[in-house]
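Undergrad: Quick one: structure below, then a few questions.
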Amino acid sequence: MTWEHKTDQSLVESHGLKHDEFDSIVQGLGREPNFTELGIFSAMWNEHCSYKSSKFWLKKLPTTGDRVVQGPGENAGVIDIDDGDVAVFKMESHNHPSYIEPYQGAATGVGGILRDIFTMGARPVANLNALRFGEPNHPKTKHLLSGVVEGIGGYGNCIGIPTVGGEVNFHPSYNGNILVNAMTVGIAKKDKIFYSAAAGIGNPVVYVGSKTGRDGIHGATMASAEFDDDSEDKKPTVQVGDPFTEKLLLEACLELMKEQAIIAIQDMGAAGLTSSSIEMASKGNVGLEIDLTKVPMRASNMTAYELMLSESQERMLMVLEPGKEEMARNIFKKWDLEFEVIGKVTDTKNLVLNMHGKEEACIPINILVEDAPEYQRDYTVREPAGEYQIDPNTLNSKTIIDDLVIMLSHPNLCSRRWIWEQYDHMVMADTLVRPGSDAAVVRVHGTNKAIAISTDCSPTYCKHNSFEGGKHAVVETWRNLVASGALPIAITDCMNFGNPEKPEIMGEFVECIRGMTEACTILNYPVVSGNVSLYNETNGEGIYPTPAIGGVGLIKDISKTKTIAFKQNNSLVYAVGETKGHLGNSQYLSIVQHKELGSTPVIDLNKELKNGKFILELVNQDLALSAHDIGEGGLLVAAAEMSLSSGIGITIDCAIKSHEFFFGEDQGRYLIEIDIQNDDTLKKLSADHGVVVEYIGQTKDAVIEIKENSKISIEELKNNHEKWFPDFTK
Amino acid sequence: MKSHVIVFPGSNCDRDVAVAIERISGSAPEMIWHKNTSIAESDLIVVPGGFSYGDYLRCGAIASTSPIINEVVKKAKAGVPVIGICNGFQILIETSLLDGALIRNNSLSFICKDIYIKPENTSSIFTKNNVVAKMPIAHNEGNYFATSDTIKKINDNDQVAFRYCDANGLINEGSNPNGSIDNIAGILNDNKNVLGLMPHPERAVELGLGSDDGKYIFEGVLK
Amino acid sequence: MLAKIHITLKKDVLDPQGKVIANSLSDLGFDGIQSVRQGKYIEIILNGDDKNAATTKLNQMCEKLLANLVIEDYSVEID
Amino acid sequence: MLAKIHITLKKDVLDPQGKVIANSLSDLGFDGIQSVRQGKYIEIILNGDDKNAATTKLNQMCEKLLANLVIEDYSVEID
Ligand SMILES: Nc1ncnc2c1ncn2[C@@H]1O[C@H](COP(=O)(O)OP(=O)(O)O)[C@@H](O)[C@H]1O
Ligand SMILES: [Mg+2]
C-alpha cells in the first residue's frame, strides 16, 4: 500500500500509529492533523489509553454487585463498607518506566495511583505493590529490586500513607521486563465522591499542582511499545516524583472538596493534559477550550505539543463552579501549589487549544474517544499442560523437613521482611495486621471496623493454563481475605501481558479473563477497577501472563480479625478442604526439583465458596484462633509460616507423609488452629457445612516436627527463611 | 490539660499524635499551622513526625526556619514541655534546642519496625516510668551522632533520655537499629523539659496496634 | 590523590529539592534567586599517582555506580 | 551569576554513605580506594552582578539554612 498523505510516514509511525489508524484520523478530521494533533491522537490511541486490544474482553468481567457504588470507568472503583463509608481502590502498572529507572519509575507509579484515589475524594489509607523480577542471578535483578523497593518506600513513606502489603516473585520470563504494579485504597463518604465528567458551559477549567516540564514526553507511547536493545536510548523521558508536592496536593484537594466548588476533577496521569482534558470532556459530553499560554511551565519555550504530552507528576485538572475560583486559589496558594484558570467548558464538543492567540489544535472529542480504534485480535488457546506424576526416584533420601528448608529459603517463598521494613507500614496508626500475614488489615479511622486487602497472582499457573490461572489469581485474594476474617467484596486488577498482536498472547489474555469472570461470578466478587499493560516483551520474548489481582474485604468488627500466627500451645490444627497431592506446577517441583511441569491445579469454585463460608462461620463463632490459606508451597509451608510468625511450633502426626501430601497445591484449602475444647463443635460444624476437615497436628514448643520423620527448631528455620533478601541485596 | 501540635507542610504523624494525646489525656490538642507565630498557654508542645518539606536538603532543616519555631524555642526556654518525635526530633536538633545530629541510618535504608527503648534518665517528666518500652521506629536518618565532647556532656549532664535495647532491657549492638552512638534513641535538653526521640510513642498507645507502651512517655506530662 | 566528583541533575529533569530550597531561601528574605539545583559532591582519595589511569577509573565508577545516567550528569576532576 | 556551593561533612563526622559507597566500589572491583566522603553540591543562579555582595549573601544562606554547622563545612564560589 502506498502512503498518500502529506504528513511524513515515518513521523506517523514514530507516533505508534498504524496506517489505517492514520487514515481514520484524516477521515474524521476531514484534513490531516497538525503536529500537535498528531501527538494527541498518538497518546489517546495507544494501547495504554485506548485499551484498543483489551476493551472487547474487559466488558465481559462482572462489575456489579450489592456493594458496588462505582465500577470500572472512573479513576477508581468504589464499594460500600456500611455506615455511609466507602472504600475507593485501584491498581496500576508502571512496568516500563521502572525497568528504565527503577527508583523514579516505581516512585511515580505510587504517586500516580495515589492521585487516582484522592481525585475521587477519598483519603488514601493503604498502599500495596505487586512486583515481578527476573531470575535472581540475572545481572540486572539486584539493581532493579533494590531501586524499585526504595522508590516505593521513598514515595509512600514521605507522603505518609502506609504500605501494608504486596507480593513479589522472581522468574526468568521477567528478565527483560519487570512488573511494578501499585495499588492504593482510600476511604471516603458515600455522598462525597467526586467524578470526572465536565459540565456547565462556560465553567472555568483549572490547573493545579506542579508546573509542567519536559518530563516523560512520550511516556504513554513508550508503555505501549515492545522493548528492544535500543530502549536504553529512550531513557531521558523518565519523570521524577515529588512526594512532598503530592502530599500538599492531597491536602489541598481534600480541603477544597469540603467546599461546594468542584464539578469535576481528574488527575493528569499517562498522557498528562491530553488524556485528562479529553476524558473530562468526553464523560461530560461537552467541549473544552484551553489557553496553553496559561499552563504553569517549568521549562522555557515549551511548545503546545510538549505541554499536551508532558507527563510531569503531581498535577490535576478541575472544573469549578463559577465564582469559586478565588476561594480555591487561596487554598492552593496556602499549600504553595500552582493554581491557574486555563480554559473553559464549551458546547462545541471539540477540544480547542490556543497558544499566544493562535489555534494549535481543534479536534472533535468523539473522534478521539468513541472513534478510537478497537480490535478483536486473533487468538489461539494453547492446550493446557497434562497431568504430572511424580517419579519416586527423584525424591532421593532427603527428609520432608530438608525439603521444607530448601523451599522456605528460596527467593519465591522466603520472608519478605527486607522489603516491608523499608516501607512505613504503620503511619496513620490504623494498621491492625502488618505485612507478613495473609491480608493486611487497616482499620477505618475512628471506627470499629476494618478493611482487609491482598494482592495475588501465580504467573506459572497462568502460563500453563490461563483459564485456571485467571481463576486462581482471583480466588487466592479471596482466600487471603477470608482467612483474615473479612467478607470479600470486590477486586481491582492489573492485566500484565505480552504483545497482543500475537495470537498466543491474546489467547492467554482471553483465557485469563474467562477464568477471572467465572471466579468473580460464582464468588460474588466483582471487578470495580483495573488497568491493562500489554507489550511486556523484550526482543520478542513475552512475560508470563500476569493478571495481578487486588482484593478488598470488610471486617465489621475488628475483634474478629484473624492472623496466621499460632496463638497458643496445645491447640489442634486442621486442614479445611481436601488434600489430594497435586504437584503439577508446584513450588516443590520448581524449587526442589527445578522443574516446571505438569498441569495447573483446577479450582472447584463451588467447593471454594463452601470452604470459605465455613471459615467465616468459624470466625463468626470465635472458633478459629488463627487461620491461613494453603497456597503456593502447600500444606507444610503454610503450617511452617504459622509457626514462623508466632514462634509456636507444631507436631504433625497424620498418617500420610508423602511429598504430595505436604507440598501438593490442591486448591480451596486452609489451615486453622482451634482450642482443644472446641474439637467436637468443629467436627459437627464441618459436617453440617459438608466441608472436609482433616486433623494435622498440635501446636507445641518451638519446633516443627513431623512424627517419626524429621524436625527442626523454629529458630533454625527462621534463620534460613529470613536470609535471602538481606544476603542478595548486600 | 492544654496541648499543641505543630503542623508543617509534609508533617504526616500530626493526626496520629493528636489521636494519641486525646486517648491518653481525654482532651484533643490544638493543631498549630507553621505560619503562626504564637502558641497560647500550653502544658505540652509536640513537634510531630513525618517528612516536613519532604526531608529535602536535610531532614528538619527547612522546618526549623518556620515562623512558629521562634515561639517553640521561646516556650521551650521558658520551661514548657516539648516533645519532638522522629522528624520533630530532627527539627529540634536543627533549632539547636537539642545537641548533636541525626544522620543516615548505617544500613542506608529506611527502617520501619518495632524496637525497645530503655529510659536512662529517670528524673525527667518523660522518663520517670522506668520501664523498657516497645514501640516502632520509621526513619531514614535516625543515626544519632555527636562529637565526643558533646557525648560526654550529655552523659555527664544526664541528658540521654532513652537508649535502644532488647526486649530484656539489654543495651547492645544487636539492638541498635540504625548505628546511633551508644544506642542513643532520645535526648533531653539541659533543663530536661525538651525531649527529642526517634521512636514513635504515638504509634504505641493501643495493644491492637502492637503495643501501648507509648503511654509511659506521655503520661508524665498529660496527667 | 584526591578526586572530586560532581553529580548534577540533567537540565530538564525536575529537582524537587532545589525548588523547595529556593522557596525557603526567599521566605528567609533572600531575594534575587532565580533557581537552585541540588547535586552531589563526592570526594575519593585514591592510592597511586597516575592521573590518567585514575581518571579512566573514576569515569567508570561514575558510570557504574555513582551517577544515575538516566537523570544525572557527572564530572571528574583530580587535584 | 552562577554560585557554586560545596557542603562537606566535617572531618570527624561519620559518613555512612561514603563508607557504603567505598565498599560497593571495591565490590565492583575498583581497588586502591582509601576513602570516600559524600557531600552536597548546590548551584544557585542569582540576579545582579556584584560578586562581593553576592558572596556575603551566599555565606549567610549557608549559615542560616544550607549547611548544618554542627557537622558540616561549606565553601562558596562564584563563576
Ligand atoms: N512487595 C511487597 N510489599 C509489601 N509486603 C509484601 C510484599 N510482598 C509480599 N509482602 C507481604 O508478605 C506476606 C507474604 O506474601 P505472599 O507470600 O504473597 O502471601 P500469600 O501467599 O499469603 O498471598 C504478605 O503479608 C504480603 O503482604
Ligand atoms: Mg495467603
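Ordered as shown in the C-alpha cells, chains take letters A, B, and onward, while each chain numbers its residues from 1 and ligands are numbered from 1 in the order shown.
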Set the cut-off to 10 Å and count only C-alpha atoms: what are the residues of chain B that reach chain A? Output as a short mmCIF file (atom, residue, chain, number, x, y, z; two decimals) with N, CA, C and O atoms, in the first residue's frame.
TA:
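File result_2.cif, as written:
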```cif
data_model
loop_
_atom_site.label_atom_id
_atom_site.label_comp_id
_atom_site.auth_asym_id
_atom_site.auth_seq_id
_atom_site.Cartn_x
_atom_site.Cartn_y
_atom_site.Cartn_z
N PRO B 9 4.14 21.78 56.44
CA PRO B 9 3.86 21.11 55.17
C PRO B 9 4.69 19.82 55.14
O PRO B 9 5.91 19.88 55.35
N GLY B 10 4.02 18.70 54.94
CA GLY B 10 4.75 17.43 54.90
C GLY B 10 4.76 16.69 56.23
O GLY B 10 5.21 15.55 56.29
N SER B 11 4.26 17.30 57.31
CA SER B 11 4.09 16.52 58.54
C SER B 11 3.11 15.41 58.22
O SER B 11 2.15 15.65 57.49
N ASN B 12 3.34 14.21 58.73
CA ASN B 12 2.30 13.22 58.49
C ASN B 12 1.98 12.35 59.69
O ASN B 12 1.18 11.44 59.62
N CYS B 13 2.59 12.66 60.82
CA CYS B 13 2.19 11.96 62.05
C CYS B 13 1.47 12.92 62.97
O CYS B 13 1.32 12.65 64.17
N ASP B 14 1.05 14.05 62.45
CA ASP B 14 0.35 15.05 63.27
C ASP B 14 -0.98 14.51 63.78
O ASP B 14 -1.31 14.62 64.95
N ARG B 15 -1.73 13.86 62.88
CA ARG B 15 -3.00 13.30 63.32
C ARG B 15 -2.77 12.16 64.32
O ARG B 15 -3.47 12.07 65.33
N ASP B 16 -1.78 11.32 64.04
CA ASP B 16 -1.53 10.18 64.92
C ASP B 16 -1.25 10.64 66.34
O ASP B 16 -1.76 10.07 67.31
N VAL B 17 -0.44 11.70 66.47
CA VAL B 17 -0.08 12.12 67.82
C VAL B 17 -1.27 12.82 68.48
O VAL B 17 -1.49 12.70 69.69
N VAL B 19 -4.42 12.02 68.03
CA VAL B 19 -5.29 10.94 68.48
C VAL B 19 -4.74 10.32 69.76
O VAL B 19 -5.47 10.06 70.72
N ALA B 20 -3.43 10.12 69.79
CA ALA B 20 -2.81 9.50 70.97
C ALA B 20 -2.98 10.38 72.20
O ALA B 20 -3.30 9.90 73.29
N LYS B 35 2.83 28.61 59.99
CA LYS B 35 2.96 30.03 59.67
C LYS B 35 2.53 30.92 60.83
O LYS B 35 2.74 32.12 60.80
N GLY B 49 6.13 13.78 63.86
CA GLY B 49 6.93 13.11 62.84
C GLY B 49 6.37 13.35 61.45
O GLY B 49 5.34 13.99 61.27
N GLY B 50 7.09 12.81 60.49
CA GLY B 50 6.68 12.96 59.11
C GLY B 50 7.85 13.38 58.25
O GLY B 50 9.00 13.09 58.57
N PHE B 51 7.52 14.04 57.18
CA PHE B 51 8.56 14.47 56.24
C PHE B 51 8.35 15.95 55.96
O PHE B 51 7.94 16.33 54.87
N SER B 52 8.58 16.81 56.96
CA SER B 52 8.38 18.24 56.72
C SER B 52 9.25 18.64 55.54
O SER B 52 10.42 18.25 55.45
N TYR B 53 8.67 19.36 54.63
CA TYR B 53 9.35 19.79 53.40
C TYR B 53 10.03 18.61 52.69
O TYR B 53 11.08 18.76 52.09
N GLY B 54 9.39 17.46 52.78
CA GLY B 54 9.87 16.31 52.03
C GLY B 54 11.22 15.78 52.48
O GLY B 54 11.81 14.94 51.81
N ASP B 55 11.73 16.24 53.63
CA ASP B 55 13.10 15.91 54.06
C ASP B 55 14.12 16.48 53.07
O ASP B 55 15.26 16.03 53.04
N TYR B 56 13.69 17.42 52.25
CA TYR B 56 14.60 17.94 51.25
C TYR B 56 15.69 18.77 51.93
O TYR B 56 15.49 19.32 53.00
N SER B 107 22.53 1.42 57.70
CA SER B 107 22.15 0.49 56.63
C SER B 107 21.86 1.25 55.34
O SER B 107 21.69 0.65 54.29
N SER B 109 19.17 2.36 54.59
CA SER B 109 17.78 2.10 54.21
C SER B 109 16.84 2.71 55.24
O SER B 109 17.20 2.83 56.41
N PHE B 110 15.65 3.01 54.77
CA PHE B 110 14.56 3.34 55.68
C PHE B 110 14.29 2.10 56.52
O PHE B 110 14.31 0.98 56.01
N ILE B 111 14.03 2.30 57.81
CA ILE B 111 13.71 1.14 58.66
C ILE B 111 12.41 1.40 59.40
O ILE B 111 12.25 2.39 60.08
N CYS B 112 11.46 0.46 59.22
CA CYS B 112 10.21 0.53 59.95
C CYS B 112 10.03 -0.79 60.67
O CYS B 112 9.83 -1.82 60.03
N LYS B 113 10.14 -0.77 61.99
CA LYS B 113 9.92 -1.99 62.77
C LYS B 113 9.80 -1.65 64.24
O LYS B 113 10.10 -0.53 64.65
N ASP B 114 9.37 -2.64 65.02
CA ASP B 114 9.30 -2.43 66.46
C ASP B 114 10.70 -2.54 67.06
O ASP B 114 11.48 -3.41 66.67
N PRO B 136 7.38 1.40 67.61
CA PRO B 136 8.01 1.35 66.28
C PRO B 136 8.98 2.50 66.04
O PRO B 136 8.84 3.58 66.62
N ILE B 137 9.94 2.23 65.18
CA ILE B 137 10.69 3.31 64.55
C ILE B 137 10.31 3.32 63.07
O ILE B 137 9.86 2.30 62.54
N ALA B 138 10.49 4.43 62.41
CA ALA B 138 10.23 4.53 60.97
C ALA B 138 11.01 5.73 60.45
O ALA B 138 10.51 6.84 60.47
N HIS B 139 12.23 5.49 60.05
CA HIS B 139 13.05 6.64 59.61
C HIS B 139 14.21 6.23 58.72
O HIS B 139 14.63 5.09 58.69
N ASN B 140 14.70 7.23 58.03
CA ASN B 140 15.87 7.12 57.17
C ASN B 140 17.11 7.66 57.85
O ASN B 140 18.21 7.21 57.62
N HIS B 200 8.46 6.14 67.77
CA HIS B 200 7.14 6.76 67.70
C HIS B 200 6.24 6.31 68.84
O HIS B 200 5.47 5.36 68.67
N GLU B 202 3.58 7.64 69.78
CA GLU B 202 2.16 7.84 69.41
C GLU B 202 1.62 6.67 68.60
O GLU B 202 0.41 6.53 68.46
N ARG B 203 2.49 5.83 68.08
CA ARG B 203 2.02 4.64 67.37
C ARG B 203 1.91 3.45 68.31
O ARG B 203 1.72 2.33 67.86
N ALA B 204 2.14 3.68 69.58
CA ALA B 204 2.12 2.58 70.54
C ALA B 204 1.23 2.96 71.71
O ALA B 204 1.68 3.04 72.85
N VAL B 205 -0.03 3.23 71.42
CA VAL B 205 -0.95 3.59 72.51
C VAL B 205 -2.15 2.66 72.56
O VAL B 205 -3.13 2.94 73.23
N GLU B 206 -2.07 1.54 71.83
CA GLU B 206 -3.17 0.58 71.82
C GLU B 206 -2.56 -0.79 71.62
O GLU B 206 -1.76 -0.97 70.70
N LEU B 207 -3.00 -1.76 72.40
CA LEU B 207 -2.47 -3.11 72.20
C LEU B 207 -2.81 -3.64 70.82
O LEU B 207 -2.05 -4.38 70.21
N GLY B 208 -3.95 -3.23 70.31
CA GLY B 208 -4.38 -3.69 68.99
C GLY B 208 -3.41 -3.28 67.88
O GLY B 208 -3.40 -3.86 66.81
N LEU B 209 -2.62 -2.25 68.15
CA LEU B 209 -1.63 -1.83 67.15
C LEU B 209 -0.26 -2.40 67.45
O LEU B 209 0.71 -2.07 66.79
N GLY B 210 -0.17 -3.23 68.48
CA GLY B 210 1.10 -3.88 68.74
C GLY B 210 1.70 -3.56 70.11
O GLY B 210 2.48 -4.33 70.63
#
```
Undergrad: Show me, as a PyMOL selection string, every residue of chain D with an atom at most 12 Å from chain B, counting only C-alpha atoms.
TA: chain D and resi 7+9-21+38-42+61-72
Undergrad: Could you please select, counting only C-alpha atoms, the residues of chain D within 12 Å of chain A and state them as a list in words?
TA: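 Therefore, the residues near the partner are Val20, Asn23, Ser24 and Asp27 of chain D.
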Undergrad: Filtering to C-alpha atoms, could you give me those residues as a tab-separated table (two decimals), in the first residue's frame?
TA:
```tsv
chain	number	residue	atom	x	y	z
D	20	VAL	CA	28.90	2.16	51.81
D	23	ASN	CA	32.56	-0.83	49.95
D	24	SER	CA	30.40	-1.10	46.86
D	27	ASP	CA	32.98	-4.99	45.50
```
Undergrad: Would you please extract all strand (DSSP E or B) residues from chain C, as assigned by DSSP on the backbone, and give them as number ranges by chain?
TA: C: 2-9, 33-46, 72-78
Undergrad: Which protein, DNA or RNA residues have an atom within 6 Å of ligand 1, counting only C-alpha atoms and all ligand atoms, as a list of chain:residue names?
TA: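 So, counting only C-alpha atoms and all ligand atoms, the residues near ligand 1 are A:Asn129, A:Ala130, A:Leu131, A:Val164, A:Gly165, A:Gly166, A:Glu167, A:Val168, A:Arg416, A:Ile419, A:Trp420, A:Pro435, A:Gly436, A:Ser437, A:Asp438, A:Ala439, A:Asp456, A:Gly631.
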Undergrad: For ligand 2, list the contacting residues at 10 Å or closer, counting only C-alpha atoms and all ligand atoms, as a list in words.
TA: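 Listing the residues within 10 Å of ligand 2 gives Gly436, Ser437, Asp438, Ala439, Ser454, Thr455, Asp456, Glu476, Thr477, Trp478, Arg479, Asn480, Leu481, Val482, Ala483, Ser484, Ile564, Ala627, His628, Asp629, Ile630, Gly631, Glu632, Ala638, Glu641 and Tyr670 of chain A.
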Undergrad: Which residues come within 12 Å of Ile45 of chain D, counting only C-alpha atoms, excluding same-chain residues fewer than 3 positions away, as JSON, numbers by chain?
TA: {"C": [18, 22, 31, 32, 33, 34, 35, 36, 37, 38], "D": [1, 2, 3, 4, 5, 42, 48, 49, 54, 58, 77, 78, 79]}
Undergrad: Of the candidates A:Glu383, A:Glu74, A:Glu321, A:Asp391, which shows the shortest atom-to-atom distance to Met120 of chain A, using only C-alpha atoms?
TA: A:Glu74
Undergrad: In Å, how far is it from atom CA of Lys707 of chain A to atom CA of Asp402 of chain A?
TA: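 Atom-to-atom, atom CA of Lys707 of chain A to atom CA of Asp402 of chain A, that is 14.4 Å.
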Undergrad: From the DSSP assignment of the backbone, select every residue of segment 535-722 of chain A that is helix (DSSP H, G or I), and format the answer as a PyMOL selection string.
TA: chain A and resi 558-560+587-592+605-620+634-644+659-663+676-689+714-722
Undergrad: Just the number, please: distance in Å from atom CA of Thr561 of chain A to atom CA of Gly84 of chain A, one decimal.
TA: 21.8 Å
Undergrad: One decimal, Å: what's the distance from atom CA of Gly186 of chain B over to atom CA of Leu28 of chain C, could you say?
TA: 29.7 Å
Undergrad: Pick out the closest residue to chain D from this set: C:Asn47, C:Thr8, C:Val76, C:Ser26. Count only C-alpha atoms.
TA: C:Asn47
Undergrad: Pick out the closest residue to chain C from this set: D:Leu25, D:Asn59, D:Asp73, D:Asn52. Count only C-alpha atoms.
TA: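 Comparing D:Leu25, D:Asn59, D:Asp73, D:Asn52 against chain C, the winner is D:Leu25.
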Undergrad: For Lys128 of chain B, find every residue with an atom within 12 Å (counting only C-alpha atoms), except residues of its own chain fewer than 2 positions away, and show them as a PyMOL selection string.
TA: chain B and resi 118-126+130-132+161-162+192+215-221
Undergrad: Using only C-alpha atoms, determine which residues lie at most 8 Å from Val5 of chain B, disregarding the query and same-chain residues fewer than 3 positions distant; provide the list as JSON, numbers by chain.
TA: {"B": [14, 17, 18, 29, 30, 31, 32, 45, 46, 47, 48]}
Undergrad: Can those selected residues be exported to a file as a short mmCIF file (atom, residue, chain, number, x, y, z; two decimals), in the first residue's frame so that it contains C-alpha atoms?
TA:
```cif
data_model
loop_
_atom_site.label_atom_id
_atom_site.label_comp_id
_atom_site.auth_asym_id
_atom_site.auth_seq_id
_atom_site.Cartn_x
_atom_site.Cartn_y
_atom_site.Cartn_z
CA ASP B 14 0.35 15.05 63.27
CA VAL B 17 -0.08 12.12 67.82
CA ALA B 18 -3.28 14.15 68.24
CA PRO B 29 -4.61 19.11 71.28
CA GLU B 30 -4.83 22.26 69.24
CA MET B 31 -3.17 21.99 65.84
CA ILE B 32 -0.89 24.93 65.07
CA ILE B 45 4.02 21.19 72.65
CA VAL B 46 4.61 18.37 70.19
CA VAL B 47 6.67 18.66 67.04
CA PRO B 48 5.35 15.60 65.20
#
```
